[in-house]
file final.txt (compact mmCIF, C-alpha atoms)
# COMPACT_ATOMS: atom_id res chain seq x y z
CA MET D 1 -12.99 17.03 12.08
CA SER D 2 -12.01 13.87 13.99
CA GLU D 3 -11.37 13.34 17.69
CA PRO D 4 -8.17 11.29 18.07
CA SER D 5 -5.63 11.15 20.88
CA THR D 6 -5.32 12.89 24.23
CA GLY D 7 -2.58 12.90 26.77
CA ALA D 8 -1.12 14.49 29.84
CA GLY D 9 1.70 16.94 29.80
CA GLY D 10 2.49 20.61 29.49
CA ALA D 11 2.38 22.79 26.43
CA GLY D 12 5.41 22.51 24.19
CA GLU D 13 7.69 25.27 23.03
CA ALA D 14 6.84 27.16 19.88
CA GLY D 15 9.21 26.24 17.08
CA PRO D 16 10.72 28.36 14.33
CA VAL D 17 8.47 30.21 11.92
CA GLY D 18 7.37 27.93 9.09
CA ASP D 19 7.96 24.63 10.92
CA PRO D 20 4.76 22.61 10.31
CA TYR D 21 5.46 20.40 13.33
CA ALA D 22 5.87 23.23 15.83
CA TRP D 23 3.10 24.27 18.18
CA LEU D 24 2.21 27.92 17.65
CA PRO D 25 0.23 30.06 20.09
CA ALA D 26 -2.99 31.33 18.59
CA SER D 27 -6.25 32.95 19.59
CA ILE D 28 -9.85 32.78 18.47
CA VAL D 29 -10.78 35.79 16.33
CA SER D 30 -14.43 35.00 15.64
CA SER D 31 -16.94 32.20 15.42
CA VAL D 32 -20.09 31.64 13.38
CA ALA D 33 -22.74 28.97 13.97
CA GLN D 34 -23.37 26.76 10.93
CA THR D 35 -26.02 24.64 12.67
CA PRO D 36 -27.03 24.23 16.34
CA GLY D 37 -24.34 21.56 16.62
CA ALA D 38 -21.57 22.97 14.42
CA ARG D 39 -19.54 26.16 14.43
CA SER D 40 -16.87 27.77 12.24
CA LEU D 41 -14.01 29.30 14.23
CA THR D 42 -11.36 31.65 12.89
CA PHE D 43 -7.93 31.65 14.53
CA ALA D 44 -5.13 34.19 14.30
CA VAL D 45 -1.84 32.26 14.25
CA PRO D 46 1.40 34.31 14.18
CA GLY D 47 4.13 32.46 12.30
CA LEU D 48 1.81 30.09 10.46
CA ARG D 49 2.88 28.93 7.00
CA PRO D 50 0.45 29.62 4.15
CA ALA D 51 -2.12 26.83 4.03
CA ARG D 52 -3.62 25.05 1.05
CA ALA D 53 -7.25 24.08 0.60
CA GLY D 54 -7.69 20.49 1.79
CA GLN D 55 -5.05 20.59 4.52
CA HIS D 56 -5.71 20.18 8.24
CA VAL D 57 -4.26 21.41 11.51
CA ASP D 58 -3.89 19.99 15.00
CA LEU D 59 -5.41 22.01 17.83
CA ARG D 60 -4.18 21.67 21.41
CA LEU D 61 -5.97 22.77 24.56
CA THR D 62 -4.16 22.86 27.90
CA ALA D 63 -6.02 22.78 31.23
CA ASP D 64 -4.89 24.65 34.34
CA ASP D 65 -3.46 21.42 35.76
CA GLY D 66 -1.33 20.88 32.63
CA TYR D 67 -3.52 18.20 31.04
CA THR D 68 -3.65 18.54 27.25
CA ALA D 69 -6.05 17.38 24.59
CA VAL D 70 -5.18 17.33 20.88
CA ARG D 71 -7.61 17.09 17.97
CA SER D 72 -7.20 17.32 14.20
CA TYR D 73 -9.55 19.48 12.14
CA SER D 74 -9.71 20.16 8.42
CA LEU D 75 -9.34 23.77 7.34
CA SER D 76 -12.56 25.20 5.93
CA ASP D 77 -10.99 28.52 4.88
CA VAL D 78 -7.34 29.23 4.03
CA ARG D 79 -7.66 32.50 2.14
CA ALA D 80 -6.28 34.66 4.95
CA SER D 81 -3.34 32.34 5.73
CA ALA D 82 -1.06 33.72 3.01
CA VAL D 83 0.18 36.92 4.63
CA PRO D 84 3.78 37.92 5.45
CA ALA D 85 5.09 35.62 8.16
CA VAL D 86 5.17 37.06 11.67
CA PRO D 87 7.34 35.43 14.36
CA ALA D 88 5.46 33.50 17.01
CA VAL D 89 5.15 35.17 20.42
CA PRO D 90 4.44 33.71 23.86
CA ALA D 91 0.87 35.01 23.98
CA VAL D 92 -1.62 36.28 21.45
CA PRO D 93 -4.15 38.94 22.53
CA ALA D 94 -7.72 38.92 21.31
CA VAL D 95 -8.36 40.65 18.01
CA PRO D 96 -11.55 41.77 16.29
CA ALA D 97 -12.81 39.76 13.36
CA ALA D 98 -11.83 41.02 9.92
CA SER D 99 -14.83 42.81 8.43
CA ASP D 100 -14.90 40.71 5.27
CA GLY D 101 -13.82 37.45 6.87
CA VAL D 102 -10.85 37.19 4.50
CA GLY D 103 -8.15 39.69 5.43
CA GLY D 104 -5.52 38.95 8.06
CA ALA D 105 -5.80 40.36 11.55
CA GLU D 106 -3.83 43.52 12.21
CA GLY D 107 -1.64 44.21 15.18
CA VAL D 108 -1.39 40.69 16.57
CA GLY D 109 2.01 39.43 17.61
CA GLY D 110 5.11 39.96 15.53
CA ALA D 111 7.78 42.58 15.91
CA GLY D 112 6.39 45.49 17.85
CA GLY D 113 2.88 43.98 17.69
CA ALA D 114 2.23 45.32 14.19
CA GLY D 115 1.50 43.82 10.81
CA PRO D 116 -0.99 41.30 9.47
CA VAL D 117 -1.21 37.86 11.05
CA PRO D 118 -2.24 34.67 9.23
CA GLN D 119 -5.77 33.48 9.89
CA ILE D 120 -7.37 30.09 9.32
CA GLU D 121 -10.86 28.71 9.82
CA VAL D 122 -11.99 25.29 10.99
CA THR D 123 -15.56 24.07 11.24
CA VAL D 124 -16.26 21.81 14.19
CA GLU D 125 -19.19 19.47 14.73
CA ARG D 126 -20.05 18.76 18.35
CA LEU D 127 -19.60 15.16 19.46
CA ASP D 128 -21.61 14.71 22.65
CA ASP D 129 -19.00 12.37 24.12
CA GLY D 130 -16.11 14.45 22.80
CA GLU D 131 -13.50 16.14 24.94
CA VAL D 132 -12.71 19.13 22.72
CA SER D 133 -15.58 19.68 20.29
CA PRO D 134 -18.19 20.63 22.95
CA TYR D 135 -15.91 23.41 24.16
CA LEU D 136 -15.19 24.69 20.65
CA VAL D 137 -18.85 24.63 19.61
CA ASP D 138 -20.56 25.77 22.82
CA ALA D 139 -18.09 27.67 24.99
CA ALA D 140 -15.13 29.07 23.03
CA GLU D 141 -15.09 32.86 22.71
CA PRO D 142 -12.98 35.43 20.81
CA GLY D 143 -9.70 35.93 22.60
CA ASP D 144 -9.50 32.41 24.01
CA PRO D 145 -5.98 30.98 23.61
CA ILE D 146 -5.22 27.75 21.81
CA GLU D 147 -2.21 26.13 20.15
CA VAL D 148 -2.04 25.21 16.49
CA ARG D 149 0.26 22.82 14.61
CA GLY D 150 0.33 22.67 10.83
CA PRO D 151 -0.88 23.05 8.19
CA ILE D 152 -0.51 19.36 7.37
CA GLY D 153 -1.16 17.41 4.17
CA GLY D 154 0.09 17.37 0.58
CA TRP D 155 -2.07 14.95 -1.42
CA PHE D 156 -5.64 15.92 -0.54
CA VAL D 157 -5.18 19.53 -1.68
CA TRP D 158 -6.53 21.77 -4.42
CA PRO D 159 -5.11 23.16 -6.65
CA PRO D 160 -3.67 19.66 -6.88
CA THR D 161 -0.20 18.43 -6.09
CA GLU D 162 1.51 17.20 -9.25
CA PHE D 163 4.18 14.53 -9.44
CA GLU D 164 6.86 14.00 -12.04
CA PRO D 165 5.95 11.41 -14.70
CA ASP D 166 8.81 9.19 -13.55
CA SER D 167 7.93 9.43 -9.84
CA ALA D 168 6.97 6.47 -7.66
CA VAL D 169 3.35 7.66 -7.59
CA HIS D 170 3.01 7.46 -11.35
CA ALA D 171 4.85 4.14 -11.42
CA VAL D 172 2.09 2.65 -9.24
CA LEU D 173 -0.85 4.79 -10.42
CA PRO D 174 -0.19 6.04 -13.94
CA GLU D 175 -2.35 8.85 -15.27
CA PRO D 176 -5.16 7.82 -17.65
CA PRO D 177 -4.06 7.91 -21.31
CA GLY D 178 -5.09 11.15 -22.99
CA ALA D 179 -6.39 12.71 -19.78
CA THR D 180 -6.46 16.49 -19.41
CA PRO D 181 -3.48 17.84 -17.40
CA LEU D 182 -4.31 18.36 -13.73
CA PRO D 183 -4.30 22.19 -13.75
CA ASP D 184 -7.13 22.23 -16.32
CA VAL D 185 -9.12 19.19 -15.28
CA PRO D 186 -12.72 19.50 -14.02
CA VAL D 187 -13.13 18.92 -10.30
CA GLN D 188 -15.70 16.78 -8.50
CA LEU D 189 -16.10 17.22 -4.74
CA ILE D 190 -18.06 14.64 -2.71
CA ALA D 191 -18.80 15.21 0.98
CA GLY D 192 -20.44 13.13 3.64
CA GLY D 193 -21.62 15.21 6.61
CA SER D 194 -18.79 17.19 8.19
CA GLY D 195 -16.52 16.06 5.36
CA LEU D 196 -17.73 19.21 3.63
CA ALA D 197 -15.25 21.36 5.59
CA PRO D 198 -12.07 20.85 3.50
CA LEU D 199 -14.09 20.83 0.28
CA MET D 200 -15.55 24.23 1.20
CA ALA D 201 -12.00 25.53 1.43
CA MET D 202 -11.52 24.38 -2.18
CA VAL D 203 -14.70 26.14 -3.30
CA ARG D 204 -13.59 29.32 -1.57
CA VAL D 205 -10.20 29.49 -3.28
CA ARG D 206 -11.68 28.75 -6.69
CA GLY D 207 -10.79 31.58 -9.05
CA GLN D 208 -12.88 33.05 -11.83
CA ASP D 209 -10.80 31.23 -14.46
CA ALA D 210 -11.00 27.86 -12.69
CA PRO D 211 -12.17 24.71 -14.46
CA PRO D 212 -15.70 23.40 -13.81
CA MET D 213 -16.28 22.32 -10.21
CA ARG D 214 -19.16 20.21 -8.95
CA LEU D 215 -20.00 19.54 -5.31
CA LEU D 216 -22.17 16.67 -4.09
CA ALA D 217 -22.95 16.83 -0.36
CA SER D 218 -24.81 14.17 1.60
CA VAL D 219 -26.36 15.29 4.91
CA ARG D 220 -29.00 14.00 7.31
CA ASP D 221 -31.58 16.75 6.75
CA PRO D 222 -31.81 20.38 5.56
CA GLY D 223 -30.91 21.64 9.03
CA ALA D 224 -27.57 19.82 8.83
CA ARG D 225 -26.32 21.75 5.80
CA TRP D 226 -23.23 23.93 6.32
CA TYR D 227 -22.41 27.10 4.36
CA VAL D 228 -25.71 26.85 2.48
CA GLY D 229 -26.18 30.60 1.94
CA GLU D 230 -22.59 31.08 0.81
CA LEU D 231 -22.78 28.13 -1.57
CA ASP D 232 -26.04 29.37 -3.09
CA GLU D 233 -24.48 32.78 -3.69
CA ALA D 234 -21.32 31.23 -5.14
CA VAL D 235 -23.42 29.28 -7.65
CA ARG D 236 -25.35 32.42 -8.62
CA ALA D 237 -22.14 34.39 -9.12
CA SER D 238 -20.52 31.55 -11.07
CA SER D 239 -23.53 31.19 -13.36
CA ALA D 240 -23.70 34.94 -13.89
CA ARG D 241 -20.03 35.12 -14.87
CA ALA D 242 -20.30 32.09 -17.16
CA VAL D 243 -23.40 33.39 -18.93
CA GLY D 244 -21.76 36.78 -19.30
CA VAL D 245 -18.64 35.27 -20.82
CA SER D 246 -20.72 33.08 -23.14
CA ALA D 247 -22.77 36.07 -24.31
CA ALA D 248 -19.61 38.06 -24.92
CA ALA D 249 -18.08 35.22 -26.92
CA VAL D 250 -21.16 35.04 -29.14
CA SER D 251 -21.94 38.76 -29.52
CA GLY D 252 -18.50 40.30 -29.18
CA VAL D 253 -19.59 42.61 -26.35
CA GLY D 254 -17.64 43.19 -23.19
CA VAL D 255 -17.67 40.70 -20.33
CA PRO D 256 -19.39 41.83 -17.11
CA ALA D 257 -17.06 42.65 -14.25
CA ALA D 258 -16.73 40.15 -11.43
CA GLY D 259 -19.76 40.24 -9.19
CA VAL D 260 -22.00 41.98 -11.78
CA PRO D 261 -24.93 39.72 -12.72
CA ALA D 262 -25.34 38.93 -16.40
CA VAL D 263 -28.64 39.55 -18.17
CA GLY D 264 -31.04 36.63 -17.88
CA VAL D 265 -29.52 35.12 -14.71
CA SER D 266 -31.91 35.06 -11.79
CA ALA D 267 -32.07 33.68 -8.28
CA ALA D 268 -34.32 30.95 -9.66
CA GLU D 269 -31.17 29.20 -10.86
CA VAL D 270 -30.75 28.03 -7.30
CA SER D 271 -33.81 26.16 -6.09
CA ALA D 272 -35.42 26.72 -2.74
CA ALA D 273 -34.66 23.09 -1.95
CA GLY D 274 -30.96 23.84 -1.93
CA VAL D 275 -30.10 22.06 -5.16
CA SER D 276 -28.30 24.34 -7.57
CA ALA D 277 -28.76 24.64 -11.26
CA VAL D 278 -25.93 23.25 -13.34
CA GLY D 279 -23.18 25.80 -13.73
CA VAL D 280 -22.84 27.15 -17.24
CA SER D 281 -19.47 26.68 -18.91
CA ALA D 282 -17.97 29.51 -20.91
CA VAL D 283 -17.87 29.28 -24.68
CA GLY D 284 -14.37 28.96 -26.04
CA GLY D 285 -12.59 29.06 -22.68
CA ARG D 286 -11.74 26.99 -19.62
CA THR D 287 -13.93 28.98 -17.26
CA GLY D 288 -16.54 26.61 -15.85
CA GLY D 289 -19.52 26.85 -13.57
CA LEU D 290 -19.95 25.74 -9.99
CA THR D 291 -22.66 23.17 -9.32
CA VAL D 292 -23.92 22.13 -5.87
CA ASP D 293 -26.16 19.11 -5.28
CA TRP D 294 -27.55 18.11 -1.87
CA VAL D 295 -28.84 14.66 -0.99
CA TYR D 296 -30.55 13.87 2.31
CA SER D 297 -30.26 10.57 4.16
CA ARG D 298 -33.08 11.03 6.73
CA VAL D 299 -35.37 13.97 5.93
CA ALA D 300 -35.64 15.76 2.57
CA PRO D 301 -37.15 19.24 2.15
CA ASP D 302 -40.52 19.70 0.50
CA GLY D 303 -40.25 19.79 -3.27
CA HIS D 304 -36.76 18.36 -3.32
CA GLY D 305 -37.60 15.72 -5.91
CA ARG D 306 -35.54 12.97 -4.30
CA PRO D 307 -36.85 11.04 -1.29
CA ALA D 308 -34.64 10.82 1.76
CA GLY D 309 -32.26 7.90 1.82
CA ARG D 310 -28.62 6.97 1.64
CA LEU D 311 -26.71 7.73 -1.53
CA THR D 312 -26.63 4.80 -3.96
CA ARG D 313 -24.21 3.81 -6.70
CA ASP D 314 -26.70 4.65 -9.45
CA GLU D 315 -27.41 8.07 -7.94
CA LEU D 316 -23.71 8.74 -7.62
CA GLU D 317 -23.24 8.01 -11.30
CA SER D 318 -25.98 10.49 -12.24
CA LEU D 319 -24.78 13.25 -9.91
CA VAL D 320 -21.03 13.36 -10.55
CA LEU D 321 -18.89 14.30 -13.51
CA PRO D 322 -18.53 11.29 -15.84
CA ALA D 323 -15.39 9.19 -15.86
CA ALA D 324 -14.91 9.98 -19.56
CA GLU D 325 -14.02 13.56 -18.59
CA HIS D 326 -11.22 12.30 -16.30
CA PRO D 327 -12.19 14.65 -13.45
CA LEU D 328 -10.11 15.02 -10.33
CA VAL D 329 -12.34 13.74 -7.52
CA TYR D 330 -12.04 14.58 -3.82
CA VAL D 331 -14.06 12.49 -1.36
CA CYS D 332 -14.25 13.33 2.36
CA GLY D 333 -16.39 11.90 5.14
CA ALA D 334 -16.69 9.03 7.57
CA ASN D 335 -14.79 5.83 6.83
CA SER D 336 -17.82 3.90 5.62
CA PHE D 337 -18.98 6.73 3.34
CA VAL D 338 -15.57 7.25 1.76
CA GLU D 339 -14.95 3.54 1.29
CA ALA D 340 -18.29 3.05 -0.47
CA VAL D 341 -18.06 6.14 -2.68
CA ALA D 342 -14.44 5.56 -3.69
CA GLY D 343 -15.23 1.97 -4.59
CA TRP D 344 -18.19 3.01 -6.72
CA LEU D 345 -16.12 5.63 -8.51
CA ILE D 346 -13.53 3.04 -9.50
CA GLU D 347 -16.29 0.67 -10.66
CA LEU D 348 -17.70 3.51 -12.78
CA GLY D 349 -14.37 3.89 -14.57
CA HIS D 350 -12.71 6.73 -12.69
CA ALA D 351 -8.92 6.42 -12.61
CA PRO D 352 -7.58 5.59 -9.12
CA THR D 353 -4.90 8.25 -9.49
CA ARG D 354 -7.65 10.86 -9.84
CA VAL D 355 -9.67 9.87 -6.78
CA ARG D 356 -8.27 11.47 -3.64
CA THR D 357 -9.81 10.64 -0.27
CA GLU D 358 -9.80 11.96 3.30
CA ARG D 359 -11.62 10.05 6.00
CA PHE D 360 -12.31 10.21 9.71
CA GLY D 361 -13.73 7.99 12.42
CA GLY D 362 -12.82 4.61 13.84
CA VAL D 363 -11.43 1.79 11.77
call {"tool": "encode", "arguments": {"input": "final.txt", "output": "structure tokens"}}
result
Amino acid sequence: MSEPSTGAGGAGEAGPVGDPYAWLPASIVSSVAQTPGARSLTFAVPGLRPARAGQHVDLRLTADDGYTAVRSYSLSDVRASAVPAVPAVPAVPAVPAASDGVGGAEGVGGAGGAGPVPQIEVTVERLDDGEVSPYLVDAAEPGDPIEVRGPIGGWFVWPPTEFEPDSAVHAVLPEPPGATPLPDVPVQLIAGGSGLAPLMAMVRVRGQDAPPMRLLASVRDPGARWYVGELDEAVRASSARAVGVSAAAVSGVGVPAAGVPAVGVSAAEVSAAGVSAVGVSAVGGRTGGLTVDWVYSRVAPDGHGRPAGRLTRDELESLVLPAAEHPLVYVCGANSFVEAVAGWLIELGHAPTRVRTERFGGV
């Protein structure tokens, strides 16, 4: 996501399986364009530890002359990272992309070259003056080698990290009195531009019995939206499940199976402008809907209802879960965006301990 340090020197030795600070050889499995300037890349990484939504990895490229460049990128998909660990090997051959984009690659590395291999996805936005992102967005191909270190991070993750009541964290930032326990709390995701990547990983791991989740994404224009088709479909499926559960709770009939639309739920629930309908919460249960709201800073689509412009404090208040519900809020984006949004959230009464931030860019 960001473009930090570079340096000269050769590639390091791969460490033991499960060491988050070891460099592991990996290869590109597949890539998908999100926009003309952004691409999602899937890597097969033998020996990688299971990753959590919200974490990031370091990627290292090594030139023929030994020069290396290292960049950190948030993980946009971690679902295929939790497979049986396979020892790292000196080289990783190219592998075909998994047909459903979720399952681990077969026959890559490991003992005898067999068994599933962990996969992770990052989504990279091209920086015209960048050293690594232009290659990853414009030139990288399946089979290309790369080194991966991680996954890294333990606070900006979902499902959330919990700390003991007598821990140092709670001594400084105590939980709000009477707040819902973290495993059951509603979740608010707020993204600025490419800050959507780690939040998309959270949406993707969200189970059918998850609490309500709301995503607010600020982008320049409709062409800058990532994952828009997948998010629209996720909202439709979430609404269908919630309506089905609600109908069953009222009428006593069976609940539709996952993926089976409930009666009365149509594609109209997701507007052509890319702003979802509010997810419907289940009656008598913790299952909640998924809501996605887009705001546009430069150009808004026809019929959107909101003119283009930067997000304001008043708009934020109307578009996020209220502080009275004690939601767990994740904010990711450029420094200025995160600083402004986090400050507004605190002013609006959100507990500091329930606002988790990840930022990128210069100080």
call {"tool": "residues_around", "arguments": {"input": "final.txt", "residues": "Leu41 of chain D", "least_positions_apart": "2", "cutoff": "6 Å", "atoms": "only C-alpha atoms", "output": "PyMOL selection string"}}
result
chain D and resi 30-31+121-122
call {"tool": "closest_residue", "arguments": {"input": "final.txt", "among": "D:Leu215, D:Ala300, D:Val203, D:Ile190", "to": "Ala334 of chain D", "atoms": "all atoms listed in the file"}}
result
D:Ile190
call {"tool": "closest_residue", "arguments": {"input": "final.txt", "among": "D:Val355, D:Val185, D:Leu348, D:Ala44", "to": "Ser318 of chain D", "atoms": "all atoms listed in the file"}}
result
D:Leu348
call {"tool": "residues_around", "arguments": {"input": "final.txt", "residues": "segment 134-150 of chain D", "least_positions_apart": "3", "cutoff": "6 Å", "atoms": "only C-alpha atoms", "output": "list in words"}}
result
Pro20, Tyr21, Ala22, Trp23, Leu24, Pro25, Ala26, Ser27, Ile28, Val29, Ser30, Arg39, Val57, Asp58, Leu59, Arg60, Leu61, Ala94 and Arg126 of chain D
call {"tool": "residues_around", "arguments": {"input": "final.txt", "residues": "Trp226 of chain D", "least_positions_apart": "6", "cutoff": "8 Å", "atoms": "only C-alpha atoms", "output": "number ranges by chain"}}
result
D: 34-35, 196
call {"tool": "write_last_selection", "arguments": {"input": "final.txt", "atoms": "C-alpha atoms", "output": "PDB file, keeping the file's coordinate frame"}}
result
ATOM      1  CA  GLN D  34     -23.370  26.760  10.930  1.00  0.00           C
ATOM      2  CA  THR D  35     -26.020  24.640  12.670  1.00  0.00           C
ATOM      3  CA  LEU D 196     -17.730  19.210   3.630  1.00  0.00           C
TER       4      LEU D 196
END
call {"tool": "atom_distance", "arguments": {"input": "final.txt", "atom1": "atom CA of Phe156 of chain D", "atom2": "atom CA of Asn335 of chain D"}}
result
15.5 Å
call {"tool": "build_atoms", "arguments": {"input": "final.txt", "residues": "segment 129-146 of chain D", "atoms": "N, CA and C atoms", "output": "mmCIF file, keeping the file's coordinate frame"}}
result
data_model
loop_
_atom_site.group_PDB
_atom_site.id
_atom_site.type_symbol
_atom_site.label_atom_id
_atom_site.label_comp_id
_atom_site.auth_asym_id
_atom_site.auth_seq_id
_atom_site.Cartn_x
_atom_site.Cartn_y
_atom_site.Cartn_z
ATOM 1 N N ASP D 129 -19.949 13.015 23.221
ATOM 2 C CA ASP D 129 -19.000 12.370 24.120
ATOM 3 C C ASP D 129 -17.575 12.850 23.871
ATOM 4 N N GLY D 130 -17.430 13.925 23.114
ATOM 5 C CA GLY D 130 -16.110 14.450 22.800
ATOM 6 C C GLY D 130 -15.510 15.233 23.950
ATOM 7 N N GLU D 131 -14.220 15.413 23.901
ATOM 8 C CA GLU D 131 -13.500 16.140 24.940
ATOM 9 C C GLU D 131 -13.191 17.566 24.522
ATOM 10 N N VAL D 132 -13.081 17.813 23.226
ATOM 11 C CA VAL D 132 -12.710 19.130 22.720
ATOM 12 C C VAL D 132 -13.853 19.804 21.974
ATOM 13 N N SER D 133 -14.560 19.055 21.143
ATOM 14 C CA SER D 133 -15.580 19.680 20.290
ATOM 15 C C SER D 133 -16.688 20.382 21.075
ATOM 16 N N PRO D 134 -17.172 19.871 22.220
ATOM 17 C CA PRO D 134 -18.190 20.630 22.950
ATOM 18 C C PRO D 134 -17.706 22.005 23.385
ATOM 19 N N TYR D 135 -16.453 22.095 23.794
ATOM 20 C CA TYR D 135 -15.910 23.410 24.160
ATOM 21 C C TYR D 135 -15.854 24.333 22.956
ATOM 22 N N LEU D 136 -15.339 23.839 21.825
ATOM 23 C CA LEU D 136 -15.190 24.690 20.650
ATOM 24 C C LEU D 136 -16.534 25.145 20.102
ATOM 25 N N VAL D 137 -17.543 24.287 20.171
ATOM 26 C CA VAL D 137 -18.850 24.630 19.610
ATOM 27 C C VAL D 137 -19.679 25.468 20.578
ATOM 28 N N ASP D 138 -19.633 25.153 21.875
ATOM 29 C CA ASP D 138 -20.560 25.770 22.820
ATOM 30 C C ASP D 138 -19.955 26.835 23.722
ATOM 31 N N ALA D 139 -18.655 26.796 23.960
ATOM 32 C CA ALA D 139 -18.090 27.670 24.990
ATOM 33 C C ALA D 139 -16.988 28.592 24.514
ATOM 34 N N ALA D 140 -16.276 28.255 23.460
ATOM 35 C CA ALA D 140 -15.130 29.070 23.030
ATOM 36 C C ALA D 140 -15.584 30.472 22.639
ATOM 37 N N GLU D 141 -14.773 31.470 22.991
ATOM 38 C CA GLU D 141 -15.090 32.860 22.710
ATOM 39 C C GLU D 141 -13.884 33.555 22.092
ATOM 40 N N PRO D 142 -14.111 34.655 21.356
ATOM 41 C CA PRO D 142 -12.980 35.430 20.810
ATOM 42 C C PRO D 142 -12.013 35.814 21.923
ATOM 43 N N GLY D 143 -10.741 35.640 21.632
ATOM 44 C CA GLY D 143 -9.700 35.930 22.600
ATOM 45 C C GLY D 143 -9.196 34.712 23.335
ATOM 46 N N ASP D 144 -9.956 33.620 23.321
ATOM 47 C CA ASP D 144 -9.500 32.410 24.010
ATOM 48 C C ASP D 144 -8.223 31.896 23.353
ATOM 49 N N PRO D 145 -7.231 31.500 24.176
ATOM 50 C CA PRO D 145 -5.980 30.980 23.610
ATOM 51 C C PRO D 145 -6.104 29.521 23.223
ATOM 52 N N ILE D 146 -5.284 29.129 22.266
ATOM 53 C CA ILE D 146 -5.220 27.750 21.810
ATOM 54 C C ILE D 146 -3.885 27.588 21.099
#
